[in-house]
Amino acid sequence: MKYQVITTLSLLFISLAVFAQKEAVKVENGYKVEIKTSAVCEMCKEAIESDLVFEKGVKDVNLDVDTKILTVVYNDKKTTPETIRKRVAKVGYNADDIKRDAKAYENLPFCCKDGAHGDGHH
Amino acid sequence: MFTLRYFIILFFGMLAQFAVAQTISGMVADQNHEPLIGATVLEENTQNGVITNVEGKFSLTLQNAQSNIIISYTGFEPKIIKPSGNSPLHVMLDESEEALNEVVVTGSSTFMDKLEAKHVEIISAGELTKAACCNLSESFETNASVDVSFTDAVSGAKTIRMLGLDGRYVQINRENVPHVRGLIGRYGLGYVPGTWVQSIDVGKGAGTVVNGYESMTGQLNVELKKPENSEKLYLNGYVNSFGRVEMNANHATNLNDKWSTAFLLHSNYLGTEIDGNDDGFMDLPKSRQINFMNRYKYTGERIMSQIGVQVMRDEKAGGQLGYDFGEDFKTSPEYGFMNQTTRVEVFGKTGILFPSKPYQGFGFIYSGAYTDIDAGFGRDAYFGKEKTLYGNAIYQNIIGNTFHQYKTGASILYDDFDEVYADSAFIRTEIVPGAFFEYSYLPGDKFSLIVGGRVDFHNLYGTFVTPRLHTRYQISDNTAIRLAIGRGYRVGNPVIENINTLVSNRQLVVTEDLDPEISWNMGGSITTTLQVGGKKIDLIGDYFYTTFQNQLIYDMDQNSNRVMIYNLNGNSYAHSFQIEAKYQLNEFFGFKTAYKYYDVRTTINGTLRNIPYISKDRLFLNASYATKYDKWKADATLQWFGTKRLPNTSDKPSAFQVASSTPDYFLLNAQMSRGFRWGSIYLGSENLLNYKQDNPIIDSQNPFGNDFDASIVWAPVAGRMIYAGFRYTIDRK
């Protein structure tokens with residue numbers, strides 16, 4: 001029982017750490033930042049990636065639909081993680097602590113809305 | 001402790017799930033939860049697929065557990081999903097709004113519909129942007145199956161060939177209406193602007209009987225931008241180093257929840273005189289064109305309807321330097337070439353849907369067109385008028401279940417020709433009612449068979465009976481074989497089909513009453529995917545044989561002052577062999593290479609000879625580079641043309657004779673583009689190696705003399721061309 005509590009607690013903390021805003025790390029061709037988004041499907045992935053790829057200073061984008069984590073490689077002389085998060089919000093998705101733009105969210109396709117994937121149907 | 005063990009089991013369980021090939025199962029149903037029998041379930045980017053059984057159920061082992069699967073079914077919108085977890089999938093398909101349209105998916109490149117019985121390649125919108133200029137004839141630059149060739153040294157026109165034979169044997173449809181034919185059979189590719197095109201289906205060999213008897217070596221279907229899903233605004237500007245300027249503007253919008261509309265506008269202008277080879281003749285004619293289309297779509301509960309109108313005016317002025325638009329070629333001091341074509345067309349289709357039975361449908365496709373050509377070649381004038389009415393009613397249903405499908409219907413063609421060339425008139429009115437039936441047997445993913453036939457009653461040439469057969473058999477997961485055989489007919493238009501030879505002193509001499517052209521085409525293809533070092537290579541090999549029961553022989557060999565025109569008397573055939581390999585090196589680089597071999601012979605004046613202007617051997621090499629979402633894109637196509645036979649000129653004075661065959665040569669086209677949120681900019685070159693035919697015009701000093709001939713053209717006349725342009729788009733919400 002004691003072990004179970006510890007396991008559960010440590011899992012909880014690990015999860016919390018995962019969900020907290022990540023710092024940018026230096027990589028070979030710039031800086032890499034991971035941003036937690038509210039994306040739910042392949043269409044969301046395309047909407048976010050196809051916009052962010054053209055953002056100034058952005059070198060690479062990749063969104064993992066399962067974890068909802070958007071990984072962005074950028075040039076730190078041209079942009080900042082904050083600017084990138086704001087852009088994600090403008091496309092219509094939450095980006096870490098930045099709330100999505102309500103109007104952009106309204107315009108998203110149905111399958112990208114909250115609850116669209118709750119019924120188990122594709 | 002229990003929990004820890006639980007986690008370990010879970011952890012390894014998840015690993016195991018990724019390590020082994022994943023088998024997915026499920027059921028495909030319509031919106032009313034009725035199972036769909038015979039729906040296709042395909043692993044994306046593979047030929048690995050199955051068909052749902054009588055309960056609508058399927059089971060598919062994925063080659064790659066991360067793959068998406070594509071579920072499609074006649075009459076429904078195809079769906080792409082990413083399977084996750086082990087629970088059975090329940091896939092619900094939505095009914096397609098277009099009951100009778102064959103499914104056309106627009107992806108990023110050319111691909112083949114893997115389960116289709118016919119050998120059809122689809123050139124998608126992404127592929128089309130690789131050839132930024134300018135009209136349909138340039139849309140095939142990155143496709144190995146369609147050859148684009150030059151016609152003469154004056155008009156600047158390009159024409160296509162398939163299976164080694166003239167483009168007149170290819171049925172070129174626009175949204176399933178026969179389009180580039182009749183009086184626009186030669187220049188008509190130039191009247192379809194590239195920016196209007198959404199996708200092109202390239203079918204090799206005999207096509208479906210649904211669209212008529214004319215497809216003899218192939219069938220192209222061009223889909224234009226649609227009112228319901230095109231960009232809200234699309235602007236394109238283009239300029240090239242010859243001085244050609246193009247402006248294109250498309251606009252599409254919903255008028256209300258049922259009606260939508262699209263406006264498509266194209267204009268081009270070339271006013272400069274280019275004479276790179278100093279022969280006193282323009283290498284390209286001056287040209288200007290205005291081309292406008294407005295189309296509407298109505299989507300109701302039971303009825304889907306489209307109607308549109310197109311108005312086009314194209315003018316060309318070429319020939320000797322100094323000849324200008326509007327100048328009278330009969331009296332001008334220069335040798336003038338002019339062509340003024342005006343065309344007006346109303347077209348549409350109406351479909352009746354059966355909401356509870358999506359596999360059932362009724363459609364009526366129609367078109368009415370008026371074409372007026374006013375042309376001049378030196379001192380000779382040509383006038384042509386054509387009035388065409390076309391209607392095709394199609395009914396589609398199943399027999400029992402969707403393993404057995406059929407299309408049947410009736411068509412009518414009214415085609416009125418009124419042509420005058422020099423001192424001869426050519427007048428005829430064709431009235432051709434016809435009926436067709438096409439049965440498709442689709443018992444599973446391994447085998448399919450399409451048997452079709454049509455009978456047409458031609459008021460001038462009697463009954464045409466057109467049988468066609470297509471079949472596909474999947475030998476293994478990666479390999480499929482397709483076979484096809486079919487008959488085709490067409491009625492020739494000798495003046496228009498020789499319009500490229502009119503820029504010469506040659507006279508057209510028709511020596512007898514001309515009969516319709518009749519051919520049999522048979523052949524097949526093998527498609528397979530090889531794994532090399534963890535990467536896939538797609539291989540396509542095909543062979544087609546075309547033989548003519550009757551053919552119109554346009555004989556340029558008998559006499560260098562004539563084109564003799566007569567019916568085939570003897571053998572005429574074409575063997576065409578092509579092998580193509582596609583290789584995607586990584587997410588950025590892709591390669592495509594093809595080798596083609598043609599053996600094309602016909603009986604000319606009693607002797608079986610190779611036909612002129614055909615390279616026996618050709619090589620094609622394409623390399624493309626693209627970063628994510630096409631932010632950067634580059635593309636290059638290198639083609640090698642083997643030696644070609646030229647028409648006999650041995651009866652000319654020796655100074656004016658041409659060699660009996662041409663040297664071989666290379667052509668290189670390349671383009672790069674940079675994408676933005678608003679669109680893209682591009683820069684490219686055609687004929688980057690600057691290969692030119694030396695002295696393309698025989699006796700250019702003396703164009704009204706006996707030996708002048710500007711029609712013996714086998715390579716580019718103008719040299720390297722550099723172009724640049726932009727595309728600006730505002731998407732629909």
# chains A, B, ... in the order shown; residues from 1 in each chain; ligands from 1
$ closest_atom_pairs --of "range 184-289 of chain B" --to "range 521-530 of chain B" --cutoff "9 Å" --atoms "only C-alpha atoms" --output "Markdown table"
| residue | atom | partner | partner_atom | distance |
| --- | --- | --- | --- | --- |
| B:Gly205 | CA | B:Asn521 | CA | 6.3 |
| B:Ala206 | CA | B:Asn521 | CA | 6.2 |
| B:Met216 | CA | B:Asn521 | CA | 6.7 |
| B:Thr217 | CA | B:Asn521 | CA | 6.7 |
$ write_last_selection --atoms "C-alpha atoms" --output "PDB file, in the first residue's frame"
ATOM      1  CA  GLY B 205      -4.559   2.448 -73.772  1.00  0.00           C
ATOM      2  CA  ALA B 206      -8.271   2.139 -74.533  1.00  0.00           C
ATOM      3  CA  MET B 216      -7.678   5.014 -79.233  1.00  0.00           C
ATOM      4  CA  THR B 217      -4.308   5.283 -77.469  1.00  0.00           C
TER       5      THR B 217
END
$ residues_around --residues "Ile518 in chain B" --least-positions-apart "6" --cutoff "12 Å" --atoms "only C-alpha atoms" --output "PyMOL selection string"
chain B and resi 169+213-217+461+464-466+486-492+546-552+567-568+572-573
$ residues_around --residues "range 22-28 of chain A" --least-positions-apart "6" --cutoff "10 Å" --atoms "only C-alpha atoms" --output "PyMOL selection string"
chain A and resi 34-36+72-74+76+80-81+96
$ write_last_selection --atoms "C-alpha atoms" --output "short mmCIF file (atom, residue, chain, number, x, y, z; two decimals), in the first residue's frame"
data_model
loop_
_atom_site.label_atom_id
_atom_site.label_comp_id
_atom_site.auth_asym_id
_atom_site.auth_seq_id
_atom_site.Cartn_x
_atom_site.Cartn_y
_atom_site.Cartn_z
CA GLU A 34 8.38 21.89 -26.89
CA ILE A 35 4.94 23.41 -26.59
CA LYS A 36 1.87 21.66 -25.22
CA VAL A 72 9.74 23.77 -32.90
CA VAL A 73 13.34 24.38 -33.95
CA TYR A 74 14.04 28.08 -34.36
CA ASP A 76 16.96 32.59 -31.46
CA THR A 80 11.37 33.68 -29.29
CA PRO A 81 9.33 30.81 -27.79
CA ASP A 96 1.20 26.05 -22.93
#
$ select_by_dssp --residues "range 385-542 of chain B" --states "strand (DSSP E or B)" --output "PyMOL selection string"
chain B and resi 385-399+401-421+424-441+447-458+462-476+479-490+504+507-510+517-532+535-542
$ residues_around --residues "Phe54 in chain A" --least-positions-apart "3" --cutoff "12 Å" --atoms "only C-alpha atoms" --output "list in words"
Ala47, Ile48, Glu49, Ser50, Asp51, Gly57, Val58, Lys59, Asp60, Val61, Val72, Tyr74, Ile84 and Arg87 of chain A; Thr627, Lys628, Tyr629, Asp630, Lys631, Trp632, Arg674, Gly675, Phe676, Arg677, Trp678, Gly679 and Ser680 of chain B
$ atom_distance --atom1 "CA of Ser661 in chain B" --atom2 "CA of Ile553 in chain B"
20.1 Å
$ closest_residue --among "B:Pro78, B:Gly462, B:Pro467, B:Gly194" --to "Ala249 in chain B" --atoms "only C-alpha atoms"
B:Gly194
$ residues_around --residues "range 319-326 of chain B" --least-positions-apart "6" --cutoff "8 Å" --atoms "only C-alpha atoms" --output "list of chain:residue names"
B:Val154, B:Glu273, B:Gly280, B:Phe281, B:Met282, B:Pro285, B:Lys286, B:Ser332, B:Glu334, B:Tyr335, B:Gly336, B:Phe337, B:Met338
$ select_by_dssp --residues "range 27-70 of chain A" --states "helix (DSSP H, G or I)" --output "PyMOL selection string"
chain A and resi 42-52
